[in-house]
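One structure below.
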Amino acid sequence: MTCIEQNATTSNNFLKTIIEEDLKNGKHSSIVTRFPPEPNGYLHIGHAKSICINFGLARDFGGRCHLRFDDTNPAKEEQEYIDSIKESVRWLGFDWGEYLYYASDNFETLYQWAVHLITEGKAYVEDLNAEQIRANRGTLTEPGVESPFRTRSVAENLNLFERMRAGEFPDGSRVLRAKIDMASPNISLRDPVLYRILHTPHPHVGDAWKIYPMYDFAHGQTDAVEGITHSICTLEFESHKPLYEWFLDNLPVPSRPRQYEFARLNLTYTVMSKRKLQELVQHGLVTGWDDPRLPTLEGLRRRGYTPVSIRNFCEQIGVGRSDSWIDVSVLEESVRADLNESAPRAMAVLRPIKMIIENYPANQSEELQAANHPQKPEMGSRSIHFTRELWIDADDFMEAPSKGFHRLTVGGEVKLRSGYIVTCTGIIKDEQGNILELRGVYDPGSREGIHTADGRKVKGVIHWVSAAHALTAEVRLFDRFFSDPNPDRSGADYKQFLNRNSVETLTNCKLEDTLAGADIETRYQFERMGYFRLDPKDSQPGKLVFNRVVTLRDTWIIKK
RNA sequence: AGGGGUAUAGCCAAACGGUAAGGCAACGGCCUCUGACGCCGUCAUCUCUUGGUUCGAAUCCAGGUACCCCUGCCA
């Protein structure tokens with residue numbers, strides 16, 4: 001289809017407009033996009049934006065999207081990253097089908113095209129070293145100066161370039177340069193480097209090559225051989241566009257792709273640059289690339305973010321060309337919206353204090369039915385145990401309640417979710433004054449609703465679990481990894497903004513026993529506490545470890 | 001002799017010369033066995049700024065201002 005319906009959550013963007021035009025006026029009969037990561041690290045939420053744009057456009061307009069590894073620099077690339085990237089793209093819900101490519105599969109073609117340029121007098125072998133090249137490049141305001149090797153004969157260039165390929169020269173001794181314009185105001189046109197010598201094995205093509213093409217000499221041409229129609233990248237490549245086109249103009253390429261740029265994603269309270277992420281991992285500031293506090297796709301996945309929530313997020317933030325900062329709360333809101341629909345409910349007491357129901361016999365126990373979802377009866381129910389000894393959350397009790405607190409207080413009453421109304425009748429403390437346990441009584445007729453026998457409505461509903469049946473588990477609560485909205489801001493070391501309390505590990509949490517068979521992929525809502533999922537690495541059948549994906553919205557906390 | 005971009009609400013973002021969509025946040029209210037969810041309502045006389053063209057300008061023109069990108073043998 002060539003025209004998509006707009007709905008409330010998808011507004012138009014400039015890329016869709018361009019594609020609609022191209023399809024309408026017959027410039028293309030169908031579109032081909034590509035997601036072109038360099039396999040030199042793990043994917044993060046910023047890549048997710050690009051993935052969603054490229055695969056999403058292809059999907060919406062009935063075209064196709066390639067996964068292409070931009071593997072032109074073997075010094076930084078590894079098979080491990082290739083594998084991880086494929087896995088992350090698949091996890092996000094996208095499928096490249098048979099269209100998996102490597103820029104390195106075109107190395108021979110690229111080499112021939114470089115020879116073509118030399119033959120045409122449009123490229124030359126440079127003997128100057130990196131520093132000299134830099135010195136001759138000029139500055140932002142001054143033109144560069146031409147290299148003495150710029151006028152080498154075609155024959156000599158051909159000979160030298162061939163020997164570069166053969167591995168005759170050491171790394172850094174020579175490069176191949178395009179002969180364009182050393183005085184161009186666009187610095188990327190001042191005789192850019194096309195090939196460098198690198199005696200480094202490559203993760204995909206092994207040790208077949210001793211010279212490797214630069215990004216600029218590979219990207220557009222690779223787009224052209226794959227038949228990419230819309231080559232979508234981020235804004236910082238905008239100044240490379242004239243060079244991208246120069247190659248297409250001067251080489252016998254089989255098709256004519258066009259480059260379009262969009263603003264990369266910036267998220268508050270986190271860092272996204274590969275270098276910084278790597279540093280956090282290397283310095284042991286996080287547990288790994290999949291640390292649940294990181295914006296990496298593996299981290300978000302481990303934490304419990306769902307693919308659909310990330311896709312929705314990318315849809316919501318839109319695509320534009322102005323630098324923008326998205327607040328992390330938008331991402332968080334996106335998982336909440338998804339999980340509220342799909343997550344079965346359960347009860348878990350994170351900071352337990354015991355409550356003894358004095359009018360409930362010690363040897364008695366009964367099963368109560370609790371709905372798995374308040375609005376979705378089709379999700380069924382489960383039975384939970386009610387007994388004399390219960391665990392409730394410390395946060396749900398205040399001896400000296402602040403104004404507006406409508407949970408449990410001495411002499412006060414509260415509804416136990418899916419259970420009974422209980423009244424607190426007293427506190428047992430140790431000699432230091434610490435609360436040992438709470439005493440209370442329950443109203444046997446209060447199973448349904450929140451009304452007392454005399455018709456009053458109790459204000460508070462709290463979660464609880466039977467002490468006799470409870471499972472003990474570890475629960476990890478995460479907070480923002482940085483204390484500053486923009487830890488990446490220039491002029492400051494982002495590490496100074498690390499939030500020291502970004503993870504809180506609670507080891508004595510009490511969970512309802514239905515969670516004994518919790519599924520690794522299922523996200524649960526622990527009622528009133530947020531959404532949780534088993535940690536895929538650290539959780540064991542006998543030792544449950546849950547990660548909190550995100551809290552519930554809490555307007556009470558805001559008022560405090 | 002610098003070049004290339006971008007400016008619409010607290011944060012994103014639509015609009016294509018015809019009288020400022022939508023989402024998030026916020027704020028009222030309703031509902032509620034989760035202080036959740038849901039529902040209703042409010043939220044730009046105005047589009048960085050100054051002029052101009054026009055019956056009519058966020059959109060066109062001219063001049064300012066601010067911010068981002070470019071001086072790797074990285075991508």
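Labels for the structure tokens follow display order: chains A, B, ..., residues from 1 in each chain, ligands from 1.
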
request  = May I have the residues of chain A within 6 Å of chain B, counting only C-alpha atoms (C1' of nucleotides), written as a PyMOL selection string?
outcome  = chain A and resi 139-141+185-186+196+236+239+317+322+417+449-450+527-528+556

Limited to N, CA and C atoms, could you put the picked residues into a file as a PDB file, in the first residue's frame?
```pdb
ATOM      1  N   THR A 139      41.666  24.444   8.304  1.00  0.00           N
ATOM      2  CA  THR A 139      40.796  24.503   9.487  1.00  0.00           C
ATOM      3  C   THR A 139      39.385  24.827   9.030  1.00  0.00           C
ATOM      4  N   LEU A 140      38.524  25.081   9.983  1.00  0.00           N
ATOM      5  CA  LEU A 140      37.144  25.410   9.647  1.00  0.00           C
ATOM      6  C   LEU A 140      37.072  26.681   8.805  1.00  0.00           C
ATOM      7  N   THR A 141      38.019  27.575   9.040  1.00  0.00           N
ATOM      8  CA  THR A 141      37.963  28.855   8.325  1.00  0.00           C
ATOM      9  C   THR A 141      39.055  29.056   7.272  1.00  0.00           C
ATOM     10  N   PRO A 185      34.765  24.415   1.380  1.00  0.00           N
ATOM     11  CA  PRO A 185      34.300  24.829   2.712  1.00  0.00           C
ATOM     12  C   PRO A 185      33.772  23.620   3.493  1.00  0.00           C
ATOM     13  N   ASN A 186      33.397  22.588   2.783  1.00  0.00           N
ATOM     14  CA  ASN A 186      32.968  21.359   3.435  1.00  0.00           C
ATOM     15  C   ASN A 186      34.197  20.474   3.603  1.00  0.00           C
ATOM     16  N   ARG A 196      42.605   2.663   4.125  1.00  0.00           N
ATOM     17  CA  ARG A 196      43.767   2.679   4.996  1.00  0.00           C
ATOM     18  C   ARG A 196      44.299   1.265   5.086  1.00  0.00           C
ATOM     19  N   GLU A 236      24.380  13.892  12.219  1.00  0.00           N
ATOM     20  CA  GLU A 236      25.801  14.218  12.120  1.00  0.00           C
ATOM     21  C   GLU A 236      26.413  13.795  10.783  1.00  0.00           C
ATOM     22  N   SER A 239      26.770  16.526   6.809  1.00  0.00           N
ATOM     23  CA  SER A 239      27.835  17.170   6.044  1.00  0.00           C
ATOM     24  C   SER A 239      28.580  16.175   5.154  1.00  0.00           C
ATOM     25  N   ILE A 317       7.526   9.288  20.260  1.00  0.00           N
ATOM     26  CA  ILE A 317       8.450  10.425  20.234  1.00  0.00           C
ATOM     27  C   ILE A 317       8.597  11.058  18.867  1.00  0.00           C
ATOM     28  N   SER A 322      15.148  18.329  14.654  1.00  0.00           N
ATOM     29  CA  SER A 322      15.668  19.254  15.653  1.00  0.00           C
ATOM     30  C   SER A 322      16.169  18.457  16.853  1.00  0.00           C
ATOM     31  N   ARG A 417      -6.455  -6.391  50.526  1.00  0.00           N
ATOM     32  CA  ARG A 417      -6.877  -6.623  49.143  1.00  0.00           C
ATOM     33  C   ARG A 417      -7.270  -8.089  48.925  1.00  0.00           C
ATOM     34  N   GLY A 449     -16.082  -6.196  48.993  1.00  0.00           N
ATOM     35  CA  GLY A 449     -16.195  -4.741  49.051  1.00  0.00           C
ATOM     36  C   GLY A 449     -15.354  -4.098  50.135  1.00  0.00           C
ATOM     37  N   ILE A 450     -15.584  -2.821  50.306  1.00  0.00           N
ATOM     38  CA  ILE A 450     -14.785  -2.074  51.264  1.00  0.00           C
ATOM     39  C   ILE A 450     -15.675  -1.423  52.330  1.00  0.00           C
ATOM     40  N   GLU A 527       0.764  -5.885  43.238  1.00  0.00           N
ATOM     41  CA  GLU A 527      -0.200  -4.819  43.417  1.00  0.00           C
ATOM     42  C   GLU A 527       0.300  -3.716  44.344  1.00  0.00           C
ATOM     43  N   ARG A 528       0.098  -2.524  43.870  1.00  0.00           N
ATOM     44  CA  ARG A 528       0.491  -1.268  44.525  1.00  0.00           C
ATOM     45  C   ARG A 528       2.002  -1.024  44.516  1.00  0.00           C
ATOM     46  N   TRP A 556       0.151   9.727  45.644  1.00  0.00           N
ATOM     47  CA  TRP A 556       0.304   9.964  47.075  1.00  0.00           C
ATOM     48  C   TRP A 556       1.739  10.409  47.377  1.00  0.00           C
TER      49      TRP A 556
END
```

request  = Excluding Ile228 of chain A and residues on its chain fewer than 2 positions from it, collect all residues at most 7 Å away from it, counting only C-alpha atoms (C1' of nucleotides), and give them as a VMD selection string.
outcome  = chain A and resid 32 to 33 223 to 224 226 230 to 231 257

key: Residues of segment 79-248 of chain A in strand (DSSP E or B), written as a PyMOL selection string   = chain A and resi 100-102+123-126+175-178+193-197+202+206+211-213+230-234

I need the residues from that last selection saved to file as a short mmCIF file (atom, residue, chain, number, x, y, z; two decimals), in the first residue's frame (with N, CA, C and O atoms), if you can.
```cif
data_model
loop_
_atom_site.label_atom_id
_atom_site.label_comp_id
_atom_site.auth_asym_id
_atom_site.auth_seq_id
_atom_site.Cartn_x
_atom_site.Cartn_y
_atom_site.Cartn_z
N LEU A 100 20.00 -10.09 4.86
CA LEU A 100 21.09 -9.84 5.79
C LEU A 100 22.36 -9.58 4.98
O LEU A 100 22.75 -10.39 4.13
N TYR A 101 22.98 -8.44 5.22
CA TYR A 101 24.16 -8.06 4.43
C TYR A 101 25.32 -7.61 5.30
O TYR A 101 25.13 -7.23 6.47
N TYR A 102 26.48 -7.67 4.70
CA TYR A 102 27.69 -7.16 5.34
C TYR A 102 28.34 -6.23 4.33
O TYR A 102 28.51 -6.62 3.17
N ALA A 123 41.66 9.73 -7.82
CA ALA A 123 42.14 9.24 -6.53
C ALA A 123 43.64 9.04 -6.61
O ALA A 123 44.18 8.81 -7.70
N TYR A 124 44.31 9.16 -5.47
CA TYR A 124 45.77 9.01 -5.47
C TYR A 124 46.26 8.42 -4.16
O TYR A 124 45.59 8.51 -3.12
N VAL A 125 47.41 7.80 -4.24
CA VAL A 125 48.01 7.21 -3.05
C VAL A 125 48.81 8.30 -2.34
O VAL A 125 49.62 9.00 -2.97
N GLU A 126 48.54 8.43 -1.07
CA GLU A 126 49.14 9.47 -0.24
C GLU A 126 50.25 8.86 0.62
O GLU A 126 50.03 7.84 1.27
N VAL A 175 47.83 5.89 2.45
CA VAL A 175 46.37 5.76 2.31
C VAL A 175 46.01 6.09 0.87
O VAL A 175 46.82 6.67 0.15
N LEU A 176 44.79 5.72 0.50
CA LEU A 176 44.29 6.15 -0.80
C LEU A 176 43.34 7.32 -0.53
O LEU A 176 42.53 7.25 0.38
N ARG A 177 43.49 8.39 -1.30
CA ARG A 177 42.66 9.57 -1.11
C ARG A 177 41.91 9.92 -2.39
O ARG A 177 42.42 9.70 -3.50
N ALA A 178 40.72 10.48 -2.23
CA ALA A 178 39.99 10.98 -3.40
C ALA A 178 40.55 12.35 -3.73
O ALA A 178 40.98 13.08 -2.85
N VAL A 193 40.10 10.44 2.87
CA VAL A 193 40.77 9.14 2.82
C VAL A 193 39.74 8.08 2.41
O VAL A 193 38.63 8.04 2.94
N LEU A 194 40.13 7.23 1.47
CA LEU A 194 39.24 6.17 0.97
C LEU A 194 39.61 4.81 1.57
O LEU A 194 38.76 4.01 1.92
N TYR A 195 40.92 4.57 1.63
CA TYR A 195 41.40 3.27 2.14
C TYR A 195 42.55 3.49 3.09
O TYR A 195 43.41 4.35 2.87
N ARG A 196 42.61 2.66 4.13
CA ARG A 196 43.77 2.68 5.00
C ARG A 196 44.30 1.26 5.09
O ARG A 196 43.57 0.29 4.84
N ILE A 197 45.60 1.16 5.43
CA ILE A 197 46.24 -0.16 5.55
C ILE A 197 46.02 -0.65 6.97
O ILE A 197 46.27 0.08 7.93
N HIS A 202 39.53 -9.72 10.02
CA HIS A 202 38.18 -9.17 10.04
C HIS A 202 37.20 -10.25 10.52
O HIS A 202 37.32 -11.41 10.11
N GLY A 206 37.66 -12.55 7.53
CA GLY A 206 38.93 -13.14 7.93
C GLY A 206 40.13 -12.29 7.57
O GLY A 206 40.11 -11.07 7.71
N ILE A 211 43.88 -3.93 3.40
CA ILE A 211 43.41 -2.55 3.34
C ILE A 211 41.90 -2.59 3.53
O ILE A 211 41.24 -3.56 3.15
N TYR A 212 41.38 -1.57 4.16
CA TYR A 212 39.95 -1.52 4.41
C TYR A 212 39.39 -0.16 4.03
O TYR A 212 40.02 0.87 4.28
N PRO A 213 38.21 -0.15 3.41
CA PRO A 213 37.61 1.12 3.00
C PRO A 213 37.09 1.90 4.21
O PRO A 213 36.71 1.30 5.21
N HIS A 230 15.97 4.68 0.25
CA HIS A 230 16.03 5.75 1.24
C HIS A 230 17.03 5.35 2.32
O HIS A 230 16.78 4.44 3.09
N SER A 231 18.15 6.04 2.31
CA SER A 231 19.22 5.73 3.25
C SER A 231 19.12 6.70 4.42
O SER A 231 19.52 7.86 4.31
N ILE A 232 18.54 6.20 5.50
CA ILE A 232 18.20 7.09 6.62
C ILE A 232 19.23 6.99 7.74
O ILE A 232 19.50 5.91 8.26
N CYS A 233 19.83 8.13 8.07
CA CYS A 233 20.86 8.14 9.11
C CYS A 233 20.65 9.34 10.03
O CYS A 233 19.71 10.11 9.84
N THR A 234 21.53 9.49 10.99
CA THR A 234 21.36 10.60 11.92
C THR A 234 22.04 11.87 11.42
O THR A 234 22.89 11.84 10.53
#
```

request  = Apply DSSP to the backbone of this structure and, from segment 183-385 of chain A, keep only the residues in alpha helix (DSSP H); write these as JSON, numbers by chain.
outcome  = {"A": [215, 216, 217, 218, 219, 220, 221, 222, 223, 224, 225, 226, 241, 242, 243, 244, 245, 246, 247, 248, 249, 250, 274, 275, 276, 277, 278, 279, 280, 281, 282, 297, 298, 299, 300, 301, 302, 303, 307, 308, 309, 310, 311, 312, 313, 314, 315, 316, 317, 328, 329, 330, 331, 332, 333, 334, 335, 336, 337, 338, 339, 340, 341, 342]}

Within 10 Å of Pro536 of chain A using only C-alpha atoms (C1' of nucleotides), minus same-chain residues under 6 positions, as a VMD selection string = chain A and resid 301 to 304 520 to 521 545 to 547

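Of note, atom CA of Asp535 of chain A and atom CA of Pro352 of chain A are spaced 21.4 Å apart.
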
task = Do a neighbour search on segment 41-46 of chain B at 9 Å with only C-alpha atoms (C1' of nucleotides), toss out local chain neighbours closer than 5 positions, and write the hits as an NGL selection string.
result = :B and (8-9 or 20 or 26-29 or 58)

Would you save the residues from that selection as an mmCIF file, in the first residue's frame, using C-alpha atoms (C1' of nucleotides)?
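Wrote it out as again36.cif, contents follow:
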```cif
data_model
loop_
_atom_site.group_PDB
_atom_site.id
_atom_site.type_symbol
_atom_site.label_atom_id
_atom_site.label_comp_id
_atom_site.auth_asym_id
_atom_site.auth_seq_id
_atom_site.Cartn_x
_atom_site.Cartn_y
_atom_site.Cartn_z
ATOM 1 C "C1'" U B 8 5.844 25.806 17.545
ATOM 2 C "C1'" A B 9 3.457 24.939 25.376
ATOM 3 C "C1'" A B 20 -2.231 26.605 15.961
ATOM 4 C "C1'" A B 26 0.446 19.435 35.006
ATOM 5 C "C1'" C B 27 -4.230 21.037 37.169
ATOM 6 C "C1'" G B 28 -9.581 20.351 38.544
ATOM 7 C "C1'" G B 29 -13.574 16.586 38.986
ATOM 8 C "C1'" A B 58 3.990 29.316 12.027
#
```
